[in-house]
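Below is one structure; the comments refer to it alone.
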Amino acid sequence: MIAGTSAMAPNRGPRTMRTFATLAVTAILTLAAPAWTSVAAQQRGSDPEHRLPLTWDRWLDHDEIGEWMQLMAETWPEFLSLQSLGESYGGREMWLMTINNPATGGELDKAAMFIEANVHGNEIQGAEVVLYTIWYLMENYDRIPDVRRMVDERVFYLLPSVNPDGRDYFLDGTGSGARTGHIPVDSDGDGLFDEDGPDDLNGNGVIEQIRKYVPGQGDFRISHDDPRIMEPVPPGEVGDWVLLGSEGLDNDGDGRVNEDPVGGYDPNRNYGSDWQPNYIQGGSMDYPFQLPEARAINDFMMTRPNIAGFQSFHNSGGMILRGPGMAWYGDYPPADIRVYDELGENGERILPYYNYYVIWQGLYTVHGGSIDWTNDGLGIVSFSNELWNGGQYFNSPLLQEQQQDPDSPISGQRSRFFFDDFLEFGDQYVEWAPFDHPEYGDVEMGGWKKLSGRVNPRFLSMELFHRNMAFTLYHADQMPLMSMGEASVERVSGDVWRVRVPIRNERLIPTITEKARQNRVVRPDILSVEGNVEIITAGWVQDIHRPGPTDRVDQAELDRILVRSGAPGRTTRVIEYLVRGSGAMIVEYDSQKGGTVRTRVQLR
Amino acid sequence: MKGPGGVPFPGPTLNLSLDKEWIVRRARRVTPLVLALALGFGATQASAQGYWTHEQLGSELRSLANSSDRASLAEIGTSRDGRAIWLVTLASPGGDPADSRPGVLVVGNLEGDHLLGSTLAVEAMRYLLEADGQDEGATRLLAENVVYVVPRLNPDGAEAFFAATRWDRRTNAAGYDDDNDGRVDEDGPDDLNGDGVATVMRVADPAGAFMVHPDAPRLMKRADPASGEAGTHALYWEGRDDDGDGFYNEDAPGGVDLNRNFQHAYPYWEADAGVHMVSEPESRALMDFVVGHRNIAAILTFGHTDNLVTPPDARGGLTGARTLDLPAYASASLEDVFDVGVFRAGGGRGGFGFFGGGPRLRGAQPGRDNDPNAGRRPSNTVHRSDVDYFATVSEAYRELTGIESVGIHRDPEGAFFQFGYFQFGVPSFSTPGWGMPAAPSEEGEAAPARGGGNGPLDLQFLTGLEGMGVDAFVDWTPYTHPTLGEVEIGGFRPYVTTNPPVEALAELGESHGRFLAHLGGMLPRLRFVDTEVTAHGGGLFTVEATIENAGYFPSALQHGVVARAVDPLTVQIQVDPDDIVTGDDKSATVQRLEGSGMRHTFSWVIRGNAGDRVEIRMRSQKGGSDTATVRLGGDR
């Protein structure tokens, strides 16, 4: 295993070397750990042992993600290959795992599902969903026939972290303002970059809120329900407290505090469809795919026209989002909406507490987001799941009813404290404590920690990972899959034959969405004929059960028919050729997103 | 010259900025090029006269850079085919580093067929270098500012000008499947009759949409059945149906028209606009350079779009495009290419699927948007507060170049100069660089009937060019086409409608140099002009600092403010924030300070000790930086 590790690490920088060094140690420890060997040696009960016993109740930083992916790639080398799409701005490798069974075909010959996560640095849990997906598919390939079929029929591209700089900033640092990428941006227009962000003044690893006691001069007061809750005073009354923002200093001496923190843009507004300048879409940067991370992903996807499904995991709110991100250009064509609706509505059944929404309506307007680009610019049926819904803290109808009662200890802001007190044992909250601030004088600091709120509690991870994976596998399973039925041959006269070939897309998603056809972003399907034949006419059979003319294919090259509208989902079409010739002819239907199928027809 | 609102402004004017004697001396020295051959006789001849190959342009630029300590040559990137994209920086030595001075960016030859742009850019640089020390505007421009020049953004496209078979190629070298049929660049123009150019084919065809123009037998018009006309001809681009798909020249070599590849009003999903905005190495190189040089305070581009000869109107809109009919008619033969192969799904049609009726769609419900900003759209017209600045610059352009009306120009969808104003927030201009060829035109013929297809612009252009002695038109000659049979081949000679004859280059180069110097003189110039300290006793002082914008342009155009593209003017007093009692913030900002001598005063009441020196710094992203130091006076 160690030899294998070093063989996979040529030409990588110092940071990666550190990764691999750590990895080697981990690998040895894993192998040597008594628990692991004993479990492997003597299985108990009926549950199958895992080939790679990973734990799913902790959040991994970028190095750990790389180590786990390396471990998986080494454990299942026949299916998995690990690569880096390039480096993030901060020099972290953008690890991408490919799942492909070469025994069932080459990577580009099968429809592929691309699953990514964590484009916003603070929206971390999608990365673990992605890792869980790889692990689950591999562990169960031999055990669950449907898993085996999906792995055999499809290709998966899995990118756990689009924004590894932001992820590490969130997990390894204080995590404040981690949504952004890490290219320095002059957020306050003073010609300096990222010069005044929050500061962890008391060194406890948390950026807290600052409050100051100002008797009779404040606009906040301490709640009667819970002394940890600050509430604004009603109009006409005065409070004893003011809130002074996040923990920090005036680092650049310009008289302002925390006005230019790290980064300062939105890495998910830098994609190529409906990209808008900063004053229309904040944080979009100067032009689409300016960010190295977005660019690396797009460069990869542009070379993989077989990608037919896309998922980008975010948090939070419990949503299954589809585009468009904004209302201006109208909704998708009806044929595409039908596909999305079926996937989304089944998604709502797979994912309780999640709603299927159109982005601009269910969330907010997004210009230049990734799934608008993959749908509009790459012709890929795409979703973005907002992982974790606060309703799941008290996930029974009874408790949710109780939350409506203002006197209940789980109503309003109190619910969060209740959950933290009783289920997290106070782990997510820092109590207010006095602090001598160099600029504000005597203040108090306290507040919620970074993992509270948008990230699910660790003990609820397994269900979140599995249900979201299940939705993406369902999505992947509905990618187009072409097949050909049995051809019929009938002699018309002499050496003129009528040949009919049924062509079917077995699954829900068409080979070319209507949007992709309109935008001309997917190569048309090509229906071609080879053999010693002259094609007199070609036409689509209108109704196989009734006589009548076919819909004539009016193209100059009948041995290479362009099908710009693709093969619709769960539909069989029959092509009819009138040919003159003899021997055999080969009819092939070549689609980029649903594979290529062919049949050999004997003219006799 | 008048500023906005008709008030004369104290900035550089045409009369003041030019040393007339020097102009006259220089004019005598520049001998008009003697030309034996008009443009269009062949590549080699043309190149020698002022339209340059990549290699020739390179040696022009090197000699320019070698001849002066004020010019330096660099590369901002590499084209698809590996050619350098050159940048010349003009700045006099001394003073602030070039990249921290407010500057002008000049870009030419974004469209592959607009070689004129490269030539104008080089000649304008030559003018500036020669005018340095002679002409007040040019001297100050090089001393206080910087001029960045990218003479040829599209070197691969430009090289087609010198190819054995010439056609108006605008695109770069990106392989692109224009007709989306799974084959790339498989059916481009062919020089069927061996005359060195690919033009237009006309075919007698009773089902055709076109007829010979009754007033100009060389030109065609669209038949108008309402006027009793029937089509007699079909029109195509000259070439074979190389891939046998029934279309002629539907997928020519090359991919992206770089001046349709930028972020404002980008023409999504159109074949020559690229797969997305800024998709090309060339456009990306330019964009990375521009966003990395926020000191660029004005942009001048040469290309097929115009806002200089005809400035935005009072409502901020540009005039509509003026394009030739004959090429448009030939292109119309490709209109149906994307309809081939569209087979509608639905009930019947050999299918028995779940489509056909179907459940009610669960789309988004209109009018239920929860985002209050969803309605905000990007501006598409010049802000009303900025319109006068464009008008003034246009007036100067016309006066200095003598160009009163532009020939052909197109709608600036995705054009770089539009990015310059609408997203980068600076005065940004485009001009084709030469005027409508002067033609003996009849009264009332000027306005082309849009959509009428009666070709007055074609005729005007043809007459004008021929009046200048340009061999502008390939006369129709018979040819037996392999699939179309008997055809005639002819039409506008490639490049003549977009590049003037070389005789015109010397004068155009010089006048554009003069305009560039003038434009440079209009840049905002912000400096401290006055400081004042008042002692109130008890260690309290009022400190005042006044800034003047002595340039013509404001420190930020209004749209630059709206688009948050230009940093505000910032003034910072170097004292502890706790020592500021009242007045402005320590870091005080003003969104924009208009030019023509307008002033703004900042004021702080501070605690301090008599005799202390206090520094005040100002920074204007487009108007320069300055520092003032005041001494706190003694107690009253």
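If you're wondering about the labels, chains in the structure tokens are A, B, ... by order shown, residues count from 1 in each chain, ligands from 1 in order shown.
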
Practice item. Write out as JSON, numbers by chain the residues lying within 10 Å of region 289-298 of chain A, counting only C-alpha atoms and excluding same-chain residues fewer than 5 positions away. Key: {"A": [84, 85, 86, 87, 88, 89, 90, 93, 94, 96, 116, 119, 159, 161, 162, 163, 164, 181, 182, 183, 267, 268, 269, 270, 271, 272, 275, 284, 303, 304, 368, 370, 373, 374, 378], "B": [276, 277, 278, 279, 284, 287, 288]}

**Study point:** Polymer residues at most 8 Å from region 152-163 of chain B, only C-alpha atoms, same-chain spacing of 3 or more positions, as number ranges by chain
**Key:** B: 42-44, 47, 53-54, 79-81, 83-86, 107-115, 117-118, 166-173, 254, 258, 282-283, 286, 495

Given the selection you just returned, output its residues as a file containing C-alpha atoms, formatted as a short mmCIF file (atom, residue, chain, number, x, y, z; two decimals), in the first residue's frame.
data_model
loop_
_atom_site.label_atom_id
_atom_site.label_comp_id
_atom_site.auth_asym_id
_atom_site.auth_seq_id
_atom_site.Cartn_x
_atom_site.Cartn_y
_atom_site.Cartn_z
CA GLY B 42 -2.88 40.75 -53.20
CA ALA B 43 -1.57 40.04 -49.81
CA THR B 44 2.09 40.79 -50.26
CA SER B 47 1.23 44.20 -46.37
CA THR B 53 1.43 40.45 -40.84
CA HIS B 54 2.04 39.35 -37.29
CA SER B 79 -3.33 33.38 -29.13
CA ARG B 80 -4.85 29.98 -29.84
CA ASP B 81 -2.26 29.43 -32.54
CA ARG B 83 1.10 34.11 -31.50
CA ALA B 84 2.05 36.75 -28.99
CA ILE B 85 -0.53 39.31 -27.95
CA TRP B 86 1.58 42.39 -27.61
CA VAL B 107 -7.03 48.10 -28.25
CA GLY B 108 -7.14 47.32 -31.93
CA ASN B 109 -7.88 44.48 -34.29
CA LEU B 110 -10.21 42.57 -32.01
CA GLU B 111 -12.08 41.52 -35.11
CA GLY B 112 -9.72 39.56 -37.32
CA ASP B 113 -10.59 41.52 -40.43
CA HIS B 114 -10.05 44.95 -38.92
CA LEU B 115 -6.33 45.30 -39.58
CA GLY B 117 -7.07 48.94 -35.93
CA SER B 118 -3.52 47.64 -35.58
CA ARG B 166 -8.97 35.75 -48.86
CA TRP B 167 -12.37 36.20 -47.28
CA ASP B 168 -13.61 38.50 -44.54
CA ARG B 169 -12.57 36.38 -41.62
CA ARG B 170 -13.36 37.92 -38.29
CA THR B 171 -12.84 35.01 -35.92
CA ASN B 172 -9.89 33.68 -33.99
CA ALA B 173 -8.43 30.21 -34.47
CA GLY B 254 -12.11 29.72 -36.97
CA LEU B 258 -13.42 38.34 -30.02
CA GLU B 282 -7.10 36.31 -26.30
CA SER B 283 -10.14 37.83 -24.62
CA LEU B 286 -7.08 41.28 -22.26
CA TYR B 495 -11.55 43.42 -46.57
#

Please extract the residues of region 329-563 of chain A with a backbone DSSP assignment of alpha helix (DSSP H) and present them as a PDB file with N, CA and C atoms, in the first residue's frame.
ATOM      1  N   PRO A 334     -41.326  23.444 -21.535  1.00  0.00           N
ATOM      2  CA  PRO A 334     -42.203  22.482 -20.837  1.00  0.00           C
ATOM      3  C   PRO A 334     -41.656  21.058 -20.828  1.00  0.00           C
ATOM      4  N   ALA A 335     -41.074  20.616 -21.939  1.00  0.00           N
ATOM      5  CA  ALA A 335     -40.579  19.238 -21.969  1.00  0.00           C
ATOM      6  C   ALA A 335     -39.508  19.023 -20.904  1.00  0.00           C
ATOM      7  N   ASP A 336     -38.696  20.035 -20.668  1.00  0.00           N
ATOM      8  CA  ASP A 336     -37.654  19.913 -19.644  1.00  0.00           C
ATOM      9  C   ASP A 336     -38.260  19.976 -18.243  1.00  0.00           C
ATOM     10  N   ILE A 337     -39.258  20.835 -18.087  1.00  0.00           N
ATOM     11  CA  ILE A 337     -39.871  20.957 -16.759  1.00  0.00           C
ATOM     12  C   ILE A 337     -40.491  19.629 -16.336  1.00  0.00           C
ATOM     13  N   ARG A 338     -41.091  18.923 -17.294  1.00  0.00           N
ATOM     14  CA  ARG A 338     -41.693  17.626 -16.938  1.00  0.00           C
ATOM     15  C   ARG A 338     -40.649  16.695 -16.345  1.00  0.00           C
ATOM     16  N   VAL A 339     -39.470  16.712 -16.929  1.00  0.00           N
ATOM     17  CA  VAL A 339     -38.395  15.851 -16.431  1.00  0.00           C
ATOM     18  C   VAL A 339     -37.988  16.287 -15.026  1.00  0.00           C
ATOM     19  N   TYR A 340     -37.764  17.580 -14.862  1.00  0.00           N
ATOM     20  CA  TYR A 340     -37.360  18.083 -13.553  1.00  0.00           C
ATOM     21  C   TYR A 340     -38.438  17.804 -12.498  1.00  0.00           C
ATOM     22  N   ASP A 341     -39.699  18.015 -12.884  1.00  0.00           N
ATOM     23  CA  ASP A 341     -40.778  17.822 -11.915  1.00  0.00           C
ATOM     24  C   ASP A 341     -40.805  16.384 -11.395  1.00  0.00           C
ATOM     25  N   GLU A 342     -40.643  15.443 -12.303  1.00  0.00           N
ATOM     26  CA  GLU A 342     -40.715  14.050 -11.843  1.00  0.00           C
ATOM     27  C   GLU A 342     -39.550  13.731 -10.906  1.00  0.00           C
ATOM     28  N   LEU A 343     -38.372  14.190 -11.288  1.00  0.00           N
ATOM     29  CA  LEU A 343     -37.211  13.948 -10.429  1.00  0.00           C
ATOM     30  C   LEU A 343     -37.377  14.676  -9.095  1.00  0.00           C
ATOM     31  N   GLY A 344     -37.796  15.915  -9.164  1.00  0.00           N
ATOM     32  CA  GLY A 344     -37.895  16.725  -7.954  1.00  0.00           C
ATOM     33  C   GLY A 344     -38.972  16.227  -7.012  1.00  0.00           C
ATOM     34  N   GLU A 345     -40.102  15.815  -7.566  1.00  0.00           N
ATOM     35  CA  GLU A 345     -41.186  15.360  -6.692  1.00  0.00           C
ATOM     36  C   GLU A 345     -40.841  14.024  -6.042  1.00  0.00           C
ATOM     37  N   ASN A 346     -40.170  13.158  -6.755  1.00  0.00           N
ATOM     38  CA  ASN A 346     -39.694  11.936  -6.106  1.00  0.00           C
ATOM     39  C   ASN A 346     -38.604  12.265  -5.101  1.00  0.00           C
ATOM     40  N   GLY A 347     -37.831  13.293  -5.408  1.00  0.00           N
ATOM     41  CA  GLY A 347     -36.821  13.741  -4.448  1.00  0.00           C
ATOM     42  C   GLY A 347     -37.455  14.164  -3.132  1.00  0.00           C
ATOM     43  N   GLU A 348     -38.577  14.840  -3.202  1.00  0.00           N
ATOM     44  CA  GLU A 348     -39.258  15.251  -1.965  1.00  0.00           C
ATOM     45  C   GLU A 348     -39.693  14.044  -1.145  1.00  0.00           C
ATOM     46  N   ARG A 349     -39.943  12.915  -1.830  1.00  0.00           N
ATOM     47  CA  ARG A 349     -40.334  11.696  -1.098  1.00  0.00           C
ATOM     48  C   ARG A 349     -39.100  11.002  -0.509  1.00  0.00           C
ATOM     49  N   ILE A 350     -37.988  11.140  -1.212  1.00  0.00           N
ATOM     50  CA  ILE A 350     -36.751  10.520  -0.725  1.00  0.00           C
ATOM     51  C   ILE A 350     -36.176  11.326   0.433  1.00  0.00           C
ATOM     52  N   SER A 370     -23.780  27.830 -10.651  1.00  0.00           N
ATOM     53  CA  SER A 370     -23.227  26.683 -11.375  1.00  0.00           C
ATOM     54  C   SER A 370     -24.300  25.880 -12.087  1.00  0.00           C
ATOM     55  N   ILE A 371     -25.460  25.654 -11.452  1.00  0.00           N
ATOM     56  CA  ILE A 371     -26.403  24.747 -12.129  1.00  0.00           C
ATOM     57  C   ILE A 371     -27.142  25.431 -13.267  1.00  0.00           C
ATOM     58  N   ASP A 372     -27.177  26.754 -13.273  1.00  0.00           N
ATOM     59  CA  ASP A 372     -27.695  27.423 -14.471  1.00  0.00           C
ATOM     60  C   ASP A 372     -26.751  27.186 -15.648  1.00  0.00           C
ATOM     61  N   TRP A 373     -25.470  27.230 -15.362  1.00  0.00           N
ATOM     62  CA  TRP A 373     -24.503  26.990 -16.432  1.00  0.00           C
ATOM     63  C   TRP A 373     -24.576  25.543 -16.923  1.00  0.00           C
ATOM     64  N   THR A 374     -24.611  24.593 -16.001  1.00  0.00           N
ATOM     65  CA  THR A 374     -24.606  23.204 -16.462  1.00  0.00           C
ATOM     66  C   THR A 374     -25.890  22.882 -17.225  1.00  0.00           C
ATOM     67  N   ASN A 375     -27.012  23.483 -16.805  1.00  0.00           N
ATOM     68  CA  ASN A 375     -28.237  23.247 -17.565  1.00  0.00           C
ATOM     69  C   ASN A 375     -28.210  23.964 -18.914  1.00  0.00           C
ATOM     70  N   ASP A 376     -27.930  25.272 -18.879  1.00  0.00           N
ATOM     71  CA  ASP A 376     -28.061  26.083 -20.098  1.00  0.00           C
ATOM     72  C   ASP A 376     -26.866  25.924 -21.031  1.00  0.00           C
ATOM     73  N   PRO A 397     -44.143  15.652  14.159  1.00  0.00           N
ATOM     74  CA  PRO A 397     -45.268  16.598  14.047  1.00  0.00           C
ATOM     75  C   PRO A 397     -45.648  17.171  15.403  1.00  0.00           C
ATOM     76  N   LEU A 398     -45.558  16.331  16.438  1.00  0.00           N
ATOM     77  CA  LEU A 398     -45.949  16.765  17.776  1.00  0.00           C
ATOM     78  C   LEU A 398     -45.042  17.894  18.274  1.00  0.00           C
ATOM     79  N   LEU A 399     -43.739  17.673  18.134  1.00  0.00           N
ATOM     80  CA  LEU A 399     -42.792  18.692  18.601  1.00  0.00           C
ATOM     81  C   LEU A 399     -42.893  19.963  17.769  1.00  0.00           C
ATOM     82  N   GLN A 400     -43.156  19.790  16.496  1.00  0.00           N
ATOM     83  CA  GLN A 400     -43.249  20.980  15.656  1.00  0.00           C
ATOM     84  C   GLN A 400     -44.487  21.791  15.989  1.00  0.00           C
ATOM     85  N   GLU A 401     -45.520  21.097  16.409  1.00  0.00           N
ATOM     86  CA  GLU A 401     -46.713  21.811  16.858  1.00  0.00           C
ATOM     87  C   GLU A 401     -46.391  22.571  18.143  1.00  0.00           C
ATOM     88  N   GLN A 402     -45.666  21.895  19.015  1.00  0.00           N
ATOM     89  CA  GLN A 402     -45.292  22.533  20.273  1.00  0.00           C
ATOM     90  C   GLN A 402     -44.438  23.787  20.041  1.00  0.00           C
ATOM     91  N   GLN A 403     -43.632  23.756  18.997  1.00  0.00           N
ATOM     92  CA  GLN A 403     -42.774  24.913  18.715  1.00  0.00           C
ATOM     93  C   GLN A 403     -43.577  26.157  18.388  1.00  0.00           C
ATOM     94  N   ARG A 414     -35.401  30.147  21.581  1.00  0.00           N
ATOM     95  CA  ARG A 414     -35.119  29.223  22.692  1.00  0.00           C
ATOM     96  C   ARG A 414     -34.876  27.804  22.192  1.00  0.00           C
ATOM     97  N   SER A 415     -35.497  27.482  21.060  1.00  0.00           N
ATOM     98  CA  SER A 415     -35.378  26.102  20.582  1.00  0.00           C
ATOM     99  C   SER A 415     -33.912  25.737  20.323  1.00  0.00           C
ATOM    100  N   ARG A 416     -33.180  26.688  19.829  1.00  0.00           N
ATOM    101  CA  ARG A 416     -31.786  26.424  19.499  1.00  0.00           C
ATOM    102  C   ARG A 416     -30.975  26.150  20.769  1.00  0.00           C
ATOM    103  N   PHE A 417     -31.274  26.953  21.799  1.00  0.00           N
ATOM    104  CA  PHE A 417     -30.576  26.729  23.074  1.00  0.00           C
ATOM    105  C   PHE A 417     -30.994  25.401  23.694  1.00  0.00           C
ATOM    106  N   PHE A 418     -32.299  25.080  23.573  1.00  0.00           N
ATOM    107  CA  PHE A 418     -32.771  23.816  24.135  1.00  0.00           C
ATOM    108  C   PHE A 418     -32.031  22.650  23.483  1.00  0.00           C
ATOM    109  N   PHE A 419     -31.968  22.716  22.161  1.00  0.00           N
ATOM    110  CA  PHE A 419     -31.320  21.627  21.434  1.00  0.00           C
ATOM    111  C   PHE A 419     -29.852  21.524  21.836  1.00  0.00           C
ATOM    112  N   ASP A 420     -29.219  22.680  21.954  1.00  0.00           N
ATOM    113  CA  ASP A 420     -27.794  22.664  22.302  1.00  0.00           C
ATOM    114  C   ASP A 420     -27.599  22.138  23.728  1.00  0.00           C
ATOM    115  N   ASP A 421     -28.469  22.573  24.626  1.00  0.00           N
ATOM    116  CA  ASP A 421     -28.327  22.157  26.029  1.00  0.00           C
ATOM    117  C   ASP A 421     -28.522  20.650  26.187  1.00  0.00           C
ATOM    118  N   PHE A 422     -29.595  20.124  25.534  1.00  0.00           N
ATOM    119  CA  PHE A 422     -29.985  18.754  25.834  1.00  0.00           C
ATOM    120  C   PHE A 422     -29.417  17.719  24.869  1.00  0.00           C
ATOM    121  N   LEU A 423     -29.107  18.156  23.629  1.00  0.00           N
ATOM    122  CA  LEU A 423     -28.631  17.161  22.660  1.00  0.00           C
ATOM    123  C   LEU A 423     -27.166  17.323  22.301  1.00  0.00           C
ATOM    124  N   SER A 461     -25.789  12.907  10.883  1.00  0.00           N
ATOM    125  CA  SER A 461     -25.135  12.913   9.569  1.00  0.00           C
ATOM    126  C   SER A 461     -25.518  11.736   8.688  1.00  0.00           C
ATOM    127  N   MET A 462     -25.512  10.538   9.258  1.00  0.00           N
ATOM    128  CA  MET A 462     -25.704   9.347   8.427  1.00  0.00           C
ATOM    129  C   MET A 462     -26.967   9.437   7.586  1.00  0.00           C
ATOM    130  N   GLU A 463     -28.048   9.866   8.226  1.00  0.00           N
ATOM    131  CA  GLU A 463     -29.307   9.911   7.493  1.00  0.00           C
ATOM    132  C   GLU A 463     -29.229  10.964   6.383  1.00  0.00           C
ATOM    133  N   LEU A 464     -28.650  12.109   6.728  1.00  0.00           N
ATOM    134  CA  LEU A 464     -28.531  13.174   5.727  1.00  0.00           C
ATOM    135  C   LEU A 464     -27.691  12.698   4.546  1.00  0.00           C
ATOM    136  N   PHE A 465     -26.570  12.058   4.855  1.00  0.00           N
ATOM    137  CA  PHE A 465     -25.692  11.596   3.774  1.00  0.00           C
ATOM    138  C   PHE A 465     -26.436  10.585   2.895  1.00  0.00           C
ATOM    139  N   HIS A 466     -27.070   9.629   3.558  1.00  0.00           N
ATOM    140  CA  HIS A 466     -27.646   8.534   2.791  1.00  0.00           C
ATOM    141  C   HIS A 466     -28.824   8.985   1.933  1.00  0.00           C
ATOM    142  N   ARG A 467     -29.699   9.784   2.515  1.00  0.00           N
ATOM    143  CA  ARG A 467     -30.878  10.207   1.749  1.00  0.00           C
ATOM    144  C   ARG A 467     -30.473  11.087   0.568  1.00  0.00           C
ATOM    145  N   ASN A 468     -29.511  11.954   0.779  1.00  0.00           N
ATOM    146  CA  ASN A 468     -29.088  12.798  -0.332  1.00  0.00           C
ATOM    147  C   ASN A 468     -28.358  11.996  -1.392  1.00  0.00           C
ATOM    148  N   MET A 469     -27.556  11.030  -0.955  1.00  0.00           N
ATOM    149  CA  MET A 469     -26.939  10.144  -1.933  1.00  0.00           C
ATOM    150  C   MET A 469     -28.013   9.400  -2.718  1.00  0.00           C
ATOM    151  N   ALA A 470     -29.024   8.930  -2.004  1.00  0.00           N
ATOM    152  CA  ALA A 470     -30.078   8.161  -2.672  1.00  0.00           C
ATOM    153  C   ALA A 470     -30.751   9.008  -3.743  1.00  0.00           C
ATOM    154  N   PHE A 471     -30.942  10.286  -3.446  1.00  0.00           N
ATOM    155  CA  PHE A 471     -31.554  11.148  -4.464  1.00  0.00           C
ATOM    156  C   PHE A 471     -30.642  11.298  -5.684  1.00  0.00           C
ATOM    157  N   THR A 472     -29.348  11.488  -5.443  1.00  0.00           N
ATOM    158  CA  THR A 472     -28.460  11.652  -6.609  1.00  0.00           C
ATOM    159  C   THR A 472     -28.328  10.342  -7.388  1.00  0.00           C
ATOM    160  N   LEU A 473     -28.433   9.205  -6.693  1.00  0.00           N
ATOM    161  CA  LEU A 473     -28.381   7.939  -7.431  1.00  0.00           C
ATOM    162  C   LEU A 473     -29.645   7.751  -8.254  1.00  0.00           C
ATOM    163  N   TYR A 474     -30.772   8.172  -7.693  1.00  0.00           N
ATOM    164  CA  TYR A 474     -32.020   8.127  -8.466  1.00  0.00           C
ATOM    165  C   TYR A 474     -31.895   9.036  -9.698  1.00  0.00           C
ATOM    166  N   HIS A 475     -31.376  10.236  -9.482  1.00  0.00           N
ATOM    167  CA  HIS A 475     -31.141  11.179 -10.580  1.00  0.00           C
ATOM    168  C   HIS A 475     -30.222  10.530 -11.634  1.00  0.00           C
ATOM    169  N   ALA A 476     -29.135   9.926 -11.160  1.00  0.00           N
ATOM    170  CA  ALA A 476     -28.188   9.288 -12.076  1.00  0.00           C
ATOM    171  C   ALA A 476     -28.849   8.148 -12.844  1.00  0.00           C
ATOM    172  N   ASP A 477     -29.700   7.420 -12.145  1.00  0.00           N
ATOM    173  CA  ASP A 477     -30.340   6.265 -12.768  1.00  0.00           C
ATOM    174  C   ASP A 477     -31.309   6.694 -13.875  1.00  0.00           C
ATOM    175  N   GLU A 514     -34.496  20.107 -24.253  1.00  0.00           N
ATOM    176  CA  GLU A 514     -34.975  21.113 -25.193  1.00  0.00           C
ATOM    177  C   GLU A 514     -34.141  22.391 -25.071  1.00  0.00           C
ATOM    178  N   LYS A 515     -33.738  22.716 -23.852  1.00  0.00           N
ATOM    179  CA  LYS A 515     -32.891  23.896 -23.661  1.00  0.00           C
ATOM    180  C   LYS A 515     -31.551  23.720 -24.390  1.00  0.00           C
ATOM    181  N   ALA A 516     -30.995  22.546 -24.291  1.00  0.00           N
ATOM    182  CA  ALA A 516     -29.714  22.284 -24.954  1.00  0.00           C
ATOM    183  C   ALA A 516     -29.867  22.385 -26.461  1.00  0.00           C
ATOM    184  N   ARG A 517     -31.002  21.924 -26.970  1.00  0.00           N
ATOM    185  CA  ARG A 517     -31.222  22.045 -28.414  1.00  0.00           C
ATOM    186  C   ARG A 517     -31.322  23.522 -28.799  1.00  0.00           C
ATOM    187  N   GLN A 518     -32.090  24.277 -28.028  1.00  0.00           N
ATOM    188  CA  GLN A 518     -32.247  25.693 -28.349  1.00  0.00           C
ATOM    189  C   GLN A 518     -30.895  26.414 -28.314  1.00  0.00           C
ATOM    190  N   ASN A 519     -30.101  26.090 -27.320  1.00  0.00           N
ATOM    191  CA  ASN A 519     -28.812  26.775 -27.163  1.00  0.00           C
ATOM    192  C   ASN A 519     -27.710  26.141 -28.009  1.00  0.00           C
TER     193      ASN A 519
END

Point to revise | For Asp240 (chain A): contacts at 6 Å, only C-alpha atoms, fewer than 3 positions along chain excluded, given as an MDAnalysis selection string | key: chainID A and resid 213:218 221

Practice item. Provide the CA of Tyr51 (chain B) to CA of Gly435 (chain B) distance in Å, to one decimal place. Key: 17.8 Å

Exercise for review: Pick out each residue of region 126-330 of chain B that DSSP on the backbone tags as strand (DSSP E); I need them as a PyMOL selection string.
Suggested key: chain B and resi 146-150+200-204+210-212+220-222+233-237+296-302

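Distance-wise, CA of Tyr356 (chain A) and CA of Gln311 (chain A) end up 13.7 Å apart.
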
Review point. Hey, can you check how far CA of Gly194 (chain B) sits from CA of Asp251 (chain B)?
Key: 20.9 Å
